Every structure is written in structure tokens, then in C-alpha cells.
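Undergrad: Supplied structure: work_33.tsv, TSV, C-alpha atoms.
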chain	number	residue	atom	x	y	z
I	1	MET	CA	70.13	-7.48	-14.42
I	2	ARG	CA	67.92	-10.30	-13.26
I	3	ARG	CA	66.93	-8.38	-10.13
I	4	ILE	CA	66.06	-5.27	-12.13
I	5	PHE	CA	63.96	-7.34	-14.53
I	6	ILE	CA	61.93	-8.79	-11.64
I	7	LEU	CA	61.55	-5.51	-9.75
I	8	ILE	CA	60.16	-3.42	-12.67
I	9	PRO	CA	56.95	-5.43	-13.20
I	10	PHE	CA	56.49	-5.59	-9.43
I	11	ILE	CA	56.53	-1.78	-9.20
I	12	PHE	CA	54.23	-1.54	-12.23
I	13	LEU	CA	51.69	-3.95	-10.71
I	14	SER	CA	51.81	-2.20	-7.36
I	15	CYS	CA	50.96	1.16	-8.94
I	16	SER	CA	48.27	-0.18	-11.19
I	17	GLY	CA	46.75	-2.06	-8.28
I	18	ALA	CA	46.38	0.98	-6.04
I	19	PRO	CA	42.84	1.15	-4.64
I	20	ASN	CA	40.46	3.42	-6.54
I	21	LYS	CA	37.17	4.65	-5.10
I	22	LYS	CA	34.42	2.69	-6.82
I	23	PRO	CA	31.65	4.95	-8.09
I	24	VAL	CA	28.11	4.24	-6.96
I	25	GLN	CA	25.98	2.98	-9.83
I	26	ASN	CA	22.85	5.01	-10.48
I	27	ASP	CA	20.61	1.94	-10.79
I	28	GLN	CA	21.38	0.77	-7.26
I	29	PRO	CA	19.65	2.08	-4.10
I	30	ILE	CA	21.76	4.43	-2.02
I	31	THR	CA	21.57	4.48	1.73
I	32	SER	CA	23.65	7.34	3.03
I	33	SER	CA	24.67	10.93	2.45
I	34	GLU	CA	28.24	9.77	1.75
I	35	GLU	CA	27.04	7.72	-1.23
I	36	ILE	CA	24.94	10.62	-2.52
I	37	ALA	CA	28.03	12.82	-2.49
I	38	THR	CA	29.68	10.53	-5.05
I	39	ILE	CA	26.81	10.84	-7.54
I	40	LYS	CA	26.41	13.74	-9.95
I	41	ASP	CA	23.18	12.61	-11.64
I	42	TYR	CA	21.22	10.66	-9.03
I	43	SER	CA	17.66	9.44	-9.57
I	44	CYS	CA	14.60	10.31	-7.54
I	45	THR	CA	14.35	6.66	-6.45
I	46	GLU	CA	17.89	6.66	-5.08
I	47	LEU	CA	17.37	9.83	-3.08
I	48	LEU	CA	13.97	8.72	-1.81
I	49	THR	CA	15.29	5.30	-0.76
I	50	ALA	CA	18.15	6.86	1.19
I	51	LEU	CA	15.81	9.28	2.93
I	52	VAL	CA	13.27	6.64	3.95
I	53	ARG	CA	15.78	4.02	5.08
I	54	SER	CA	17.55	6.56	7.27
I	55	SER	CA	14.28	7.20	9.15
I	56	ASN	CA	12.53	5.49	12.05
I	57	ALA	CA	9.39	4.74	10.01
I	58	LEU	CA	6.88	2.45	11.74
I	59	ALA	CA	7.30	-0.14	8.97
I	60	PHE	CA	10.83	-0.83	10.19
I	61	GLU	CA	9.43	-2.19	13.46
I	62	SER	CA	8.25	-5.22	11.48
I	63	PHE	CA	10.45	-5.33	8.37
I	64	ASN	CA	14.15	-5.04	7.59
I	65	LYS	CA	15.12	-1.75	5.96
I	66	SER	CA	16.71	-3.58	3.05
I	67	GLU	CA	13.34	-5.20	2.25
I	68	VAL	CA	11.29	-2.02	2.12
I	69	GLN	CA	11.02	0.00	-1.08
I	70	ALA	CA	9.55	3.48	-1.50
I	71	ARG	CA	7.72	5.29	-4.27
I	72	ILE	CA	5.80	8.53	-4.63
I	73	ILE	CA	2.12	8.15	-5.45
I	74	ALA	CA	0.96	11.78	-5.18
I	75	THR	CA	2.46	15.26	-5.29
I	76	GLU	CA	1.06	18.58	-4.10
I	77	THR	CA	2.46	22.09	-3.86
I	78	ASP	CA	4.58	21.32	-0.79
I	79	LYS	CA	3.88	17.65	-0.09
I	80	LEU	CA	4.85	14.21	-1.36
I	81	THR	CA	2.79	11.16	-0.41
I	82	ILE	CA	5.08	8.13	-0.22
I	83	GLU	CA	4.09	4.46	-0.30
I	84	LEU	CA	6.32	1.91	1.45
I	85	TYR	CA	6.06	-1.61	0.06
I	86	LYS	CA	7.85	-4.94	-0.13
I	87	SER	CA	7.77	-7.76	-2.63
I	88	ASP	CA	6.58	-11.20	-1.56
I	89	ILE	CA	5.82	-14.53	-3.17
I	90	SER	CA	2.15	-15.46	-2.79
I	91	ASP	CA	0.60	-18.88	-3.39
I	92	ARG	CA	-2.88	-17.99	-2.15
I	93	THR	CA	-4.36	-18.63	-5.60
I	94	GLY	CA	-2.66	-22.03	-5.90
I	95	SER	CA	0.28	-20.88	-8.04
I	96	GLU	CA	3.24	-18.89	-6.83
I	97	ARG	CA	3.47	-15.32	-8.08
I	98	GLU	CA	5.29	-12.20	-7.03
I	99	MET	CA	3.14	-9.52	-5.49
I	100	GLU	CA	3.69	-6.23	-3.72
I	101	ASN	CA	2.36	-5.54	-0.23
I	102	THR	CA	2.02	-2.05	1.14
I	103	VAL	CA	3.65	-1.77	4.58
I	104	GLY	CA	3.38	1.94	5.31
I	105	TRP	CA	2.53	5.47	4.22
I	106	LEU	CA	4.57	8.66	4.68
I	107	GLU	CA	4.16	12.33	3.86
I	108	PHE	CA	7.13	14.60	3.20
I	109	PHE	CA	6.73	18.39	3.52
I	110	SER	CA	9.39	20.06	1.42
I	111	LYS	CA	9.48	23.58	2.88
I	112	ARG	CA	9.85	22.34	6.46
I	113	ASN	CA	11.78	19.17	5.55
I	114	LYS	CA	9.41	17.20	7.77
I	115	LEU	CA	8.79	13.48	7.28
I	116	MET	CA	5.52	12.22	8.79
I	117	ASP	CA	4.28	8.63	9.20
I	118	ILE	CA	0.52	8.38	8.52
I	119	THR	CA	0.29	4.59	8.44
I	120	HIS	CA	-1.82	4.04	11.57
I	121	ASP	CA	-3.80	7.25	11.69
I	122	PRO	CA	-3.60	9.98	9.02
I	123	ASP	CA	-5.32	12.40	11.40
I	124	ASN	CA	-2.58	11.92	14.01
I	125	PRO	CA	0.68	11.41	12.10
I	126	LYS	CA	3.98	10.62	13.76
I	127	GLU	CA	6.91	12.90	12.95
I	128	LEU	CA	9.93	10.82	11.98
I	129	LYS	CA	13.63	11.34	12.47
I	130	TYR	CA	15.90	10.96	9.44
I	131	ASP	CA	19.38	11.88	8.21
I	132	LYS	CA	18.86	15.50	7.12
I	133	SER	CA	22.33	15.64	5.55
I	134	ILE	CA	20.95	13.47	2.74
I	135	LEU	CA	18.98	16.43	1.39
I	136	GLU	CA	21.71	19.05	1.71
I	137	GLY	CA	21.77	20.94	-1.59
I	138	TYR	CA	18.79	19.02	-2.99
I	139	ASN	CA	15.05	19.64	-3.27
I	140	LEU	CA	13.24	16.30	-3.14
I	141	LEU	CA	9.99	17.76	-4.46
I	142	GLU	CA	11.67	19.22	-7.54
I	143	SER	CA	13.77	16.10	-8.12
I	144	CYS	CA	10.78	13.74	-8.01
I	145	ASN	CA	7.91	15.82	-9.35
I	146	ALA	CA	8.62	14.89	-12.95
I	147	VAL	CA	8.60	11.13	-12.38
I	148	THR	CA	5.14	10.65	-10.91
I	149	THR	CA	3.26	8.15	-13.03
I	150	PRO	CA	-0.31	8.86	-14.15
I	151	THR	CA	-3.03	6.27	-13.62
I	152	ARG	CA	-3.22	3.73	-16.41
I	153	PRO	CA	-6.41	3.96	-18.50
I	154	SER	CA	-8.85	1.12	-17.98
I	155	GLN	CA	-10.52	-1.15	-20.47
I	156	HIS	CA	-13.76	-0.70	-18.51
I	157	SER	CA	-15.52	2.45	-19.62
I	158	GLY	CA	-17.66	4.21	-17.03
I	159	TRP	CA	-15.91	2.91	-13.90
I	160	SER	CA	-12.20	2.75	-14.58
I	161	ASP	CA	-10.97	3.58	-11.07
I	162	VAL	CA	-9.10	0.88	-9.17
I	163	MET	CA	-9.07	0.12	-5.45
I	164	LEU	CA	-6.28	-2.37	-4.81
I	165	GLU	CA	-6.62	-4.45	-1.66
I	166	LYS	CA	-2.90	-4.00	-0.94
I	167	ASP	CA	-3.52	-0.28	-0.42
I	168	ILE	CA	-6.33	-0.79	2.12
I	169	ARG	CA	-5.85	-0.98	5.89
I	170	PHE	CA	-8.87	-1.79	8.03
I	171	ASN	CA	-8.96	0.40	11.13
I	172	GLY	CA	-5.59	1.59	9.87
I	173	LYS	CA	-3.82	-1.65	10.82
I	174	VAL	CA	-4.63	-4.86	8.94
I	175	GLY	CA	-5.04	-5.69	5.27
I	176	ARG	CA	-7.88	-7.70	3.78
I	177	TYR	CA	-6.30	-11.00	4.89
I	178	PHE	CA	-5.18	-11.68	8.44
I	179	THR	CA	-5.40	-14.21	11.28
I	180	LEU	CA	-8.01	-14.94	13.94
I	181	THR	CA	-5.67	-13.51	16.55
I	182	GLU	CA	-5.38	-10.29	14.58
I	183	PHE	CA	-9.17	-10.19	14.30
I	184	LYS	CA	-9.53	-10.28	18.08
I	185	ASP	CA	-6.77	-7.70	18.52
I	186	ASN	CA	-8.31	-5.23	16.07
I	187	PHE	CA	-12.06	-5.90	16.16
I	188	GLY	CA	-12.69	-7.70	19.45
I	189	LYS	CA	-15.11	-10.57	20.05
I	190	PRO	CA	-17.44	-11.47	17.15
I	191	ASP	CA	-21.11	-10.56	17.52
I	192	SER	CA	-22.16	-13.83	15.88
I	193	VAL	CA	-20.81	-16.80	13.92
I	194	LYS	CA	-22.48	-18.81	11.15
I	195	TRP	CA	-21.34	-21.89	9.25
I	196	LEU	CA	-20.65	-21.26	5.57
I	197	LYS	CA	-22.32	-24.57	4.69
I	198	ASP	CA	-25.57	-23.28	6.21
I	199	GLU	CA	-25.36	-19.93	4.43
I	200	ALA	CA	-24.52	-21.65	1.11
I	201	PRO	CA	-23.01	-18.63	-0.72
I	202	CYS	CA	-22.47	-19.01	-4.45
I	203	PHE	CA	-18.89	-17.78	-4.09
I	204	THR	CA	-16.40	-18.07	-1.22
I	205	ILE	CA	-13.12	-16.23	-0.77
I	206	PHE	CA	-10.95	-19.16	0.28
I	207	ASP	CA	-12.78	-21.68	-1.94
I	208	THR	CA	-12.00	-24.65	0.31
I	209	GLU	CA	-15.53	-25.99	0.95
I	210	ALA	CA	-14.25	-27.10	4.34
I	211	PRO	CA	-17.06	-28.00	6.78
I	212	ASP	CA	-15.71	-25.77	9.54
I	213	ASP	CA	-15.37	-22.59	7.43
I	214	THR	CA	-17.48	-19.77	8.87
I	215	TYR	CA	-18.80	-16.25	8.53
I	216	ILE	CA	-18.10	-14.11	11.57
I	217	TYR	CA	-19.95	-10.84	12.08
I	218	LYS	CA	-18.89	-7.71	13.90
I	219	ASP	CA	-20.63	-4.28	13.89
I	220	GLY	CA	-22.48	-5.30	10.71
I	221	SER	CA	-19.28	-6.33	8.90
I	222	ARG	CA	-18.90	-9.87	7.60
I	223	PHE	CA	-15.64	-11.81	7.58
I	224	GLU	CA	-14.96	-15.23	6.08
I	225	THR	CA	-12.74	-17.68	7.95
I	226	SER	CA	-10.92	-20.85	6.99
I	227	LYS	CA	-8.93	-22.47	9.78
I	228	ASP	CA	-6.81	-19.60	11.21
I	229	SER	CA	-7.23	-17.33	8.18
I	230	VAL	CA	-9.68	-14.43	7.98
I	231	ALA	CA	-10.73	-12.29	4.99
I	232	VAL	CA	-12.95	-9.23	4.80
I	233	ASP	CA	-16.06	-9.85	2.71
I	234	GLU	CA	-18.26	-6.88	3.67
I	235	PHE	CA	-17.15	-3.95	5.79
I	236	TRP	CA	-19.49	-1.46	7.46
I	237	PHE	CA	-18.33	1.95	8.62
I	238	LYS	CA	-20.08	1.74	12.00
I	239	ASN	CA	-19.04	2.36	15.59
I	240	GLY	CA	-15.87	4.16	14.60
I	241	ASN	CA	-14.65	1.50	12.17
I	242	PHE	CA	-12.74	2.94	9.22
I	243	ILE	CA	-10.24	2.16	6.50
I	244	THR	CA	-7.20	3.96	5.21
I	245	TYR	CA	-6.63	3.91	1.48
I	246	LYS	CA	-3.21	5.07	0.33
I	247	GLY	CA	-2.92	6.89	3.62
I	248	VAL	CA	-6.32	8.61	3.32
I	249	LYS	CA	-8.80	7.88	6.10
I	250	ILE	CA	-12.33	6.87	5.04
I	251	ASP	CA	-15.03	6.59	7.68
I	252	ALA	CA	-18.76	7.19	8.20
I	253	SER	CA	-18.26	10.97	7.91
I	254	THR	CA	-16.54	10.78	4.52
I	255	THR	CA	-18.68	12.40	1.82
I	256	MET	CA	-19.15	11.43	-1.79
I	257	ASP	CA	-17.35	14.61	-2.83
I	258	GLU	CA	-14.31	13.50	-0.84
I	259	ILE	CA	-14.46	10.04	-2.44
I	260	GLN	CA	-14.61	11.72	-5.85
I	261	ARG	CA	-11.14	13.13	-5.24
I	262	LEU	CA	-9.85	9.56	-4.96
I	263	PHE	CA	-12.04	7.97	-7.66
I	264	PRO	CA	-13.11	10.72	-10.05
I	265	THR	CA	-14.26	8.41	-12.85
I	266	ALA	CA	-16.34	6.11	-10.66
I	267	VAL	CA	-17.99	9.08	-9.01
I	268	LYS	CA	-18.92	10.91	-12.17
I	269	GLY	CA	-22.10	12.54	-10.96
I	270	ARG	CA	-25.14	10.94	-9.36
I	271	LEU	CA	-26.83	10.31	-12.67
I	272	GLY	CA	-23.99	8.03	-13.63
I	273	LEU	CA	-24.32	5.87	-10.51
I	274	ASP	CA	-26.21	2.66	-10.00
I	275	LYS	CA	-28.96	2.78	-7.43
I	276	GLU	CA	-29.83	-0.13	-5.17
I	277	GLY	CA	-32.81	0.64	-2.98
I	278	THR	CA	-32.15	3.92	-1.20
I	279	LEU	CA	-28.36	3.56	-1.38
I	280	TRP	CA	-26.08	4.95	-4.04
I	281	VAL	CA	-23.24	2.66	-5.04
I	282	ILE	CA	-20.08	3.06	-7.09
I	283	LYS	CA	-18.06	0.24	-8.61
I	284	LEU	CA	-14.28	0.02	-8.35
I	285	ARG	CA	-12.07	-2.50	-10.11
I	286	GLU	CA	-10.05	-4.67	-7.73
I	287	ASP	CA	-7.05	-5.09	-10.04
I	288	ASP	CA	-5.16	-2.81	-12.40
I	289	THR	CA	-4.91	-5.34	-15.23
I	290	GLY	CA	-8.63	-5.91	-15.87
I	291	MET	CA	-8.20	-9.69	-15.41
I	292	SER	CA	-10.56	-10.06	-12.44
I	293	ASP	CA	-14.29	-10.53	-13.00
I	294	GLY	CA	-15.02	-9.12	-9.57
I	295	HIS	CA	-15.12	-5.59	-8.24
I	296	ILE	CA	-15.59	-3.60	-5.07
I	297	LYS	CA	-18.90	-1.89	-4.38
I	298	LEU	CA	-18.81	1.21	-2.18
I	299	PHE	CA	-22.23	2.23	-0.84
I	300	PHE	CA	-23.42	5.67	0.29
I	301	LYS	CA	-26.32	6.72	2.49
I	302	ASN	CA	-27.29	10.39	2.86
I	303	ASP	CA	-24.21	11.25	0.78
I	304	MET	CA	-21.91	9.55	3.31
I	305	VAL	CA	-19.87	6.36	3.02
I	306	TYR	CA	-21.95	3.49	4.41
I	307	PHE	CA	-20.31	0.11	3.67
I	308	MET	CA	-18.19	-1.71	1.10
I	309	HIS	CA	-18.45	-5.19	-0.37
I	310	TRP	CA	-16.26	-7.42	-2.53
I	311	TRP	CA	-18.51	-8.70	-5.31
I	312	PHE	CA	-17.74	-11.67	-7.55
I	313	PRO	CA	-20.05	-13.38	-10.08
I	314	CYS	CA	-21.37	-16.85	-9.30
Output the structure of this file as C-alpha cells.
TA:
Amino acid sequence: MRRIFILIPFIFLSCSGAPNKKPVQNDQPITSSEEIATIKDYSCTELLTALVRSSNALAFESFNKSEVQARIIATETDKLTIELYKSDISDRTGSEREMENTVGWLEFFSKRNKLMDITHDPDNPKELKYDKSILEGYNLLESCNAVTTPTRPSQHSGWSDVMLEKDIRFNGKVGRYFTLTEFKDNFGKPDSVKWLKDEAPCFTIFDTEAPDDTYIYKDGSRFETSKDSVAVDEFWFKNGNFITYKGVKIDASTTMDEIQRLFPTAVKGRLGLDKEGTLWVIKLREDDTGMSDGHIKLFFKNDMVYFMHWWFPC
């Protein structure tokens, strides 16, 4: 009887301890078609994350796939525009805070199931490879169309559009802040250099007041430096220089009508614009919270984009 008494609970525990397949939780990113198959009601974010991380996007040449997140920022009849970003801790302002940095831009064409990387040059996108089994039985456009978030209304009436520096890539490659080495790689040798102490601006980007801080100039553009750090202060669309904003290329041939598609409130008709000399200018907020006192000025000449400047009050 003693043996039977011991054996019964052993059999009971063995059966109850048989491995069960653990369901994938809907609030966790999925990374493969096998995980998708276990989910009945998956989210757009889960499906999008799996699709992007299965690809050979250019962002993965510099960042681990587990670090990169994806979200849809625009939808059209047959196209999704996808932003790739990662979260970092920044102490540039003197206090640590979490911020998001854009690391790439993709376009997904639903009818052809094509995934294109437009990070470096929207006019010459790179077609990406990805795990097509992830989308078997699913329509990404239909799944995600309902979750696109509209732009938040601004407290500033008259020029509520925002141009976040994290969404800008100068010459399609570098953000607003980079190193001297990256300056040489992307812009070449400076045309001229001036000491900040001699120029005596009322406001500086790095705010160090170091004696060796400088302005460096290239093709009309002005960059501020502090040690090995460089920041764009004024950028001119000359000699082929351009920016990409959320994957859209803006250069000297970009018209005001085209800019209006991006910033409809700021470009609300010529009568609503400020006029400085012979140049039209629109104002764009540089943050989406309304906390900053500064803004970005985008200038036009002959109805074409001319240059842009970060403005901050003295």
C-alpha cells in the first residue's frame, strides 16, 4: 500500500506538468510567422514589427533589430509610410531624459507586397527582402489603417505645424547633431571658419561659451561647433544640398505647394505668411509640446525652398 500511495501523486504530477504551448501575449512584439500563427487577434504593431525585423533594412547595419521600433506615420490608397526609431537617453540639455531618434524610413506597397527603404534617397529607394510568410492571409494596409494617429492640435494659432529635428536628415544621412568627422564625410572641407567669440551671437546652440567654439560655413550653410560636436544652425539648399523630412526629399526645386502638403497650416496662403525682404518665410514649431520658445524658419525665393534657420529668442 505504501508503494501505491507514493506512485499515485507521482503520476498525477507528471500529467499536470506536461509541457503546454505558451500563448504569445498580444502586448509583446512578435518576430516570426510562427508566432503570428498562434495569435487570433494580433495588433497592427505586432504585425508591423515582425515584418520590419525580418527585413534587411539599412537601419540594421547600425542598430540591433531588437532596438528598432516601427510605426506608421502616413497611409495612402496602396502605400504605408513607416518610421523606424529607437529610444535613447539624452543628457544634452544637462538632465537625462528619454528621447526617440529616427533611424530609418520605409514604404510598404500593399498590392505588390513590396517593402522599400527610402532612408538615404527617397528618389532612389532600395527594395528590401523580408519574410513574406508573415503576411500570408493578412492585409497590412487594412489591419493598420484604422490606427493611424492624427496630428495633435497646437496651442499656437496660425502656425501649428511641427518640424521635429529627429525627423530631419541632412543630405539624407545625418541629423542636426553630429561629429566633425561626419561633417567632412557628408559636406567636405569648410569654406570658412569664424570664432564664436568674435561673432558674439545672442544665443548659441551648445551654450558652453568655450573660447574655441566656432561657426563653420559650407555652401552658405552655417554650423556651430564645440570640441568634436557639430550642430546645424542655418542650412541653405544650394549646390545639391537637401534634407529628407519623414522620408520626403526637400531641395532647391521643392515648391511652396509641395511644402503645403507637409505643413498645411503653416502654409495657409501667401497672405498669411510673414515677409522678410523679398523672401517669404513660414514658421514651424520645433517641438510637439509647445514648451520651446524657438522655432524653425523656412524661407522661399521665387516660390522655391531657399534656406532654413533655427531661431531662438535672445
Undergrad: Grab the CA of Arg71 (chain I) to CA of Thr254 (chain I) distance for me, in Å with one decimal place.
TA: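 Computing it gives 26.4 Å between the two atoms.
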Undergrad: Figure out the distance between CA of Gly247 (chain I) and CA of Leu106 (chain I), please, to one decimal in Å.
TA: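 Here the two named atoms are 7.8 Å from each other.
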Undergrad: Please list as a count of residues only every residue within 12 Å of Glu127 (chain I), counting all atoms listed in the file and excluding residues in the same chain fewer than 5 positions away.
TA: 17
Undergrad: Taking all atoms listed in the file into account, which of I:Val230, I:Leu180, I:Leu164, I:Cys202 comes nearest Leu284 (chain I)?
TA: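 Of I:Val230, I:Leu180, I:Leu164, I:Cys202, the one nearest Leu284 (chain I), counting all atoms listed in the file, is I:Leu164.
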Undergrad: Check the smallest atom-to-atom distance from each of I:Ser43, I:Glu136, I:Thr102, I:Ile216 to Gln69 (chain I) using all atoms listed in the file, then report the winner.
TA: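 Distance minimum relative to Gln69 (chain I) lands on I:Thr102.
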Undergrad: Give me the residues within 10 Å of Asn186 (chain I) as number ranges by chain, counting all atoms listed in the file and dropping any in the same chain fewer than 5 places off.
TA: I: 170-174, 180-181
Undergrad: Enter the distance from CA of Gly188 (chain I) to CA of Asn101 (chain I), in Å, rounded to one decimal.
TA: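 Going from CA of Gly188 (chain I) over to CA of Asn101 (chain I), I get 24.9 Å.
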Undergrad: Select, from I:Met308, I:His295, I:Asp131, I:Trp280, the residue with the minimum atom-to-atom distance to Trp236 (chain I), counting only C-alpha atoms.
TA: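 Looking at the shortest contact to Trp236 (chain I), the residue is I:Met308.
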